[in-house]
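The structure appears right after this line, and notes come after that.
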Amino acid sequence: MDIRWETPFTRKAKDAIRAIPSGRVATYGQIAALAGRERAARGVAWILHSSSDTAGLPWHRVINGRGAISLGRGRGFEEQKKRLIAEGVEVGHGGRVDLKRFQWEQNDGAAGRSPAARKYLTSLLKGD
DNA sequence: CCTATGACAGACA
DNA sequence: GTGTCTGCCATAG
């Protein structure tokens with residue numbers, strides 16, 4: 001399956017995803033809300049899993065409301081984890097991410113990479 | 001119009 | 001914490 005037409009919803013959702021800063025994550029529900037459909041988290045998931053063309057979309061910054069990677073092992077989990085870590089997002093056991101520290105908050109002027117991500121990234125570059 | 005399919009979320013045991 | 005159930009929504013046939 002693949003997305004054939006852009007609808008207002010898919011367009012807004014993709015825009016919202018593109019707006020997530022590196023080093024931060026957003027939940028499916030969060031993206032849905034930004035797209036104007038607070039309860040359309042499944043719709044957001046649908047867009048991502050049915051898009052053969054995710055190039056240019058920071059899809060790896062979208063995780064579920066429980067703060068975990070929703071992709072299954074061998075179905076993109078490893079790739080998503082790798083990409084997040086490369087941006088400074090700590091991914092623990094089971095693909096867990098601490099939303100308190102890494103979730104994107106459009107308000108409070110918390111734009112850009114989170115302090116936690118900057119710190120983690122620095123430690124990674126330092127070699128641990 | 002109706003049914004099926006999710007990379008969901010919340011509630012609850 | 002885990003497992004299950006239910007509601008939700010966009011989109012495909």
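Labeling convention for the structure tokens: chains A, B, ... as they appear, residues from 1 per chain, ligands from 1 in order of appearance.
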
Can you list, as a PDB file with N, CA, C and O atoms, in the first residue's frame, every protein, DNA or RNA residue that comes within 10 Å of DA7 in chain B when you count only C-alpha atoms (C1' of nucleotides), leaving out same-chain residues fewer than 3 positions away?
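Output contents, as saved in selection.pdb:
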```
ATOM      1  N   TYR A  28       2.807   9.980  18.283  1.00  0.00           N
ATOM      2  CA  TYR A  28       1.852   9.934  17.181  1.00  0.00           C
ATOM      3  C   TYR A  28       0.674  10.861  17.507  1.00  0.00           C
ATOM      4  O   TYR A  28       0.188  11.596  16.642  1.00  0.00           O
ATOM      5  N   ARG A  42      -3.733   6.965  15.088  1.00  0.00           N
ATOM      6  CA  ARG A  42      -3.636   5.820  14.187  1.00  0.00           C
ATOM      7  C   ARG A  42      -3.527   6.277  12.750  1.00  0.00           C
ATOM      8  O   ARG A  42      -2.939   5.595  11.920  1.00  0.00           O
ATOM      9  N   VAL A  44      -1.906   8.873  11.825  1.00  0.00           N
ATOM     10  CA  VAL A  44      -0.504   9.262  11.652  1.00  0.00           C
ATOM     11  C   VAL A  44       0.331   8.012  11.431  1.00  0.00           C
ATOM     12  O   VAL A  44       1.189   7.964  10.545  1.00  0.00           O
ATOM     13  N   ALA A  45       0.049   7.008  12.220  1.00  0.00           N
ATOM     14  CA  ALA A  45       0.784   5.748  12.076  1.00  0.00           C
ATOM     15  C   ALA A  45       0.562   5.188  10.677  1.00  0.00           C
ATOM     16  O   ALA A  45       1.484   4.686  10.043  1.00  0.00           O
ATOM     17  N   TRP A  46      -0.636   5.309  10.217  1.00  0.00           N
ATOM     18  CA  TRP A  46      -0.953   4.808   8.887  1.00  0.00           C
ATOM     19  C   TRP A  46      -0.117   5.502   7.825  1.00  0.00           C
ATOM     20  O   TRP A  46       0.408   4.875   6.906  1.00  0.00           O
ATOM     21  N   ILE A  47      -0.005   6.821   7.943  1.00  0.00           N
ATOM     22  CA  ILE A  47       0.772   7.594   6.969  1.00  0.00           C
ATOM     23  C   ILE A  47       2.204   7.076   6.907  1.00  0.00           C
ATOM     24  O   ILE A  47       2.751   6.845   5.832  1.00  0.00           O
ATOM     25  N   LEU A  48       2.784   6.872   8.067  1.00  0.00           N
ATOM     26  CA  LEU A  48       4.177   6.437   8.090  1.00  0.00           C
ATOM     27  C   LEU A  48       4.373   5.008   7.593  1.00  0.00           C
ATOM     28  O   LEU A  48       5.271   4.734   6.808  1.00  0.00           O
ATOM     29  N   HIS A  49       3.535   4.104   8.050  1.00  0.00           N
ATOM     30  CA  HIS A  49       3.757   2.716   7.647  1.00  0.00           C
ATOM     31  C   HIS A  49       3.378   2.454   6.198  1.00  0.00           C
ATOM     32  O   HIS A  49       3.804   1.464   5.610  1.00  0.00           O
ATOM     33  N   SER A  50       2.575   3.355   5.622  1.00  0.00           N
ATOM     34  CA  SER A  50       2.144   3.121   4.253  1.00  0.00           C
ATOM     35  C   SER A  50       2.877   4.001   3.250  1.00  0.00           C
ATOM     36  O   SER A  50       2.580   3.972   2.066  1.00  0.00           O
ATOM     37  N   TRP A  59      11.021  10.616  10.189  1.00  0.00           N
ATOM     38  CA  TRP A  59      10.044   9.678  10.745  1.00  0.00           C
ATOM     39  C   TRP A  59      10.533   9.018  12.027  1.00  0.00           C
ATOM     40  O   TRP A  59       9.751   8.604  12.873  1.00  0.00           O
ATOM     41  N   HIS A  60      11.857   8.922  12.162  1.00  0.00           N
ATOM     42  CA  HIS A  60      12.395   8.255  13.358  1.00  0.00           C
ATOM     43  C   HIS A  60      12.159   9.040  14.636  1.00  0.00           C
ATOM     44  O   HIS A  60      12.332   8.507  15.732  1.00  0.00           O
ATOM     45  N   VAL A  62       9.349  10.053  15.616  1.00  0.00           N
ATOM     46  CA  VAL A  62       7.971   9.818  16.055  1.00  0.00           C
ATOM     47  C   VAL A  62       7.899   8.477  16.784  1.00  0.00           C
ATOM     48  O   VAL A  62       8.235   7.430  16.219  1.00  0.00           O
ATOM     49  N   ILE A  63       7.502   8.520  18.030  1.00  0.00           N
ATOM     50  CA  ILE A  63       7.391   7.298  18.837  1.00  0.00           C
ATOM     51  C   ILE A  63       6.017   7.276  19.502  1.00  0.00           C
ATOM     52  O   ILE A  63       5.262   8.238  19.385  1.00  0.00           O
ATOM     53  N   ASN A  64       5.694   6.197  20.170  1.00  0.00           N
ATOM     54  CA  ASN A  64       4.353   6.114  20.764  1.00  0.00           C
ATOM     55  C   ASN A  64       4.256   6.832  22.112  1.00  0.00           C
ATOM     56  O   ASN A  64       5.261   7.248  22.686  1.00  0.00           O
ATOM     57  N   ILE A  69       9.775   2.987  20.911  1.00  0.00           N
ATOM     58  CA  ILE A  69       9.751   2.788  19.473  1.00  0.00           C
ATOM     59  C   ILE A  69       8.670   1.755  19.188  1.00  0.00           C
ATOM     60  O   ILE A  69       8.622   0.711  19.830  1.00  0.00           O
ATOM     61  N   SER A  70       7.812   2.062  18.233  1.00  0.00           N
ATOM     62  CA  SER A  70       6.704   1.154  17.944  1.00  0.00           C
ATOM     63  C   SER A  70       7.011   0.123  16.873  1.00  0.00           C
ATOM     64  O   SER A  70       6.252  -0.813  16.680  1.00  0.00           O
ATOM     65  N   LEU A  71       8.099   0.317  16.170  1.00  0.00           N
ATOM     66  CA  LEU A  71       8.448  -0.639  15.121  1.00  0.00           C
ATOM     67  C   LEU A  71       8.949  -1.922  15.744  1.00  0.00           C
ATOM     68  O   LEU A  71       9.554  -1.911  16.804  1.00  0.00           O
ATOM     69  N   GLY A  72       8.670  -3.031  15.090  1.00  0.00           N
ATOM     70  CA  GLY A  72       9.090  -4.310  15.629  1.00  0.00           C
ATOM     71  C   GLY A  72      10.536  -4.603  15.247  1.00  0.00           C
ATOM     72  O   GLY A  72      11.087  -3.997  14.331  1.00  0.00           O
ATOM     73  N   ARG A  75      11.932  -4.882  11.701  1.00  0.00           N
ATOM     74  CA  ARG A  75      10.992  -4.151  10.856  1.00  0.00           C
ATOM     75  C   ARG A  75      11.219  -2.654  10.983  1.00  0.00           C
ATOM     76  O   ARG A  75      10.288  -1.870  10.876  1.00  0.00           O
ATOM     77  N   GLY A  76      12.480  -2.303  11.237  1.00  0.00           N
ATOM     78  CA  GLY A  76      12.810  -0.893  11.325  1.00  0.00           C
ATOM     79  C   GLY A  76      13.234  -0.418  12.701  1.00  0.00           C
ATOM     80  O   GLY A  76      13.753   0.673  12.857  1.00  0.00           O
ATOM     81  N   PHE A  77      13.021  -1.261  13.678  1.00  0.00           N
ATOM     82  CA  PHE A  77      13.379  -0.894  15.059  1.00  0.00           C
ATOM     83  C   PHE A  77      14.839  -0.458  15.164  1.00  0.00           C
ATOM     84  O   PHE A  77      15.150   0.618  15.681  1.00  0.00           O
TER      85      PHE A  77
END
```

From a DSSP pass on the backbone, collect the residues of range 29-109 of chain A flagged as helix (DSSP H, G or I) and hand them back as a PyMOL selection string. chain A and resi 29-34+41-49+59-61+77-86+93-95+99-102

Counting only C-alpha atoms (C1' of nucleotides), a student should be able to say which residues of chain A come within 8 Å of chain C; what is the right answer, written as a list in words? Met1, Arg39, Ala40, Ala41, Arg42, Gly43 and Trp46 of chain A

Show me, as a PyMOL selection string, every residue of chain B with an atom at most 10 Å from chain A, counting only C-alpha atoms (C1' of nucleotides). chain B and resi 5-9

DSSP strand (DSSP E or B) residues within chain A, listed as a VMD selection string: chain A and resid 25 to 27 62 to 63 68 96 103

For the selection just defined, write its residues with C-alpha atoms to a file, as a PDB file, in the first residue's frame.
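Saved result, out.pdb, follows:
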```
ATOM      1  CA  VAL A  25      10.918  13.152  19.682  1.00  0.00           C
ATOM      2  CA  ALA A  26       7.161  13.524  19.312  1.00  0.00           C
ATOM      3  CA  THR A  27       4.344  11.033  19.810  1.00  0.00           C
ATOM      4  CA  VAL A  62       7.971   9.818  16.055  1.00  0.00           C
ATOM      5  CA  ILE A  63       7.391   7.298  18.837  1.00  0.00           C
ATOM      6  CA  ALA A  68       8.902   3.676  23.035  1.00  0.00           C
ATOM      7  CA  ARG A  96      12.560   3.290  25.513  1.00  0.00           C
ATOM      8  CA  GLN A 103       9.881  15.058  23.954  1.00  0.00           C
TER       9      GLN A 103
END
```

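Separating CA of Gly74 in chain A from CA of Gly56 in chain A is a distance of 21.9 Å.
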
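CA of Gln106 in chain A is found 21.5 Å from CA of Arg83 in chain A.
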
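Residues surrounding Thr122 in chain A within 12 Å are Ile85, Ala86, Glu87, Gly88, Val89, Pro115, Ala116, Ala117, Gly127 and Asp128 of chain A [only C-alpha atoms (C1' of nucleotides); sequence separation below 5 positions excluded].
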
Find the spatial neighbours of Lys12 in chain A, counting only C-alpha atoms (C1' of nucleotides), within a cut-off of 10 Å - ignore same-chain residues fewer than 5 positions away - and output them as a list in words. Glu6, Thr7, Ile17, Arg18, Ile31, Ala32, Ala33, Leu34, Ala35, Gly36 and Arg37 of chain A
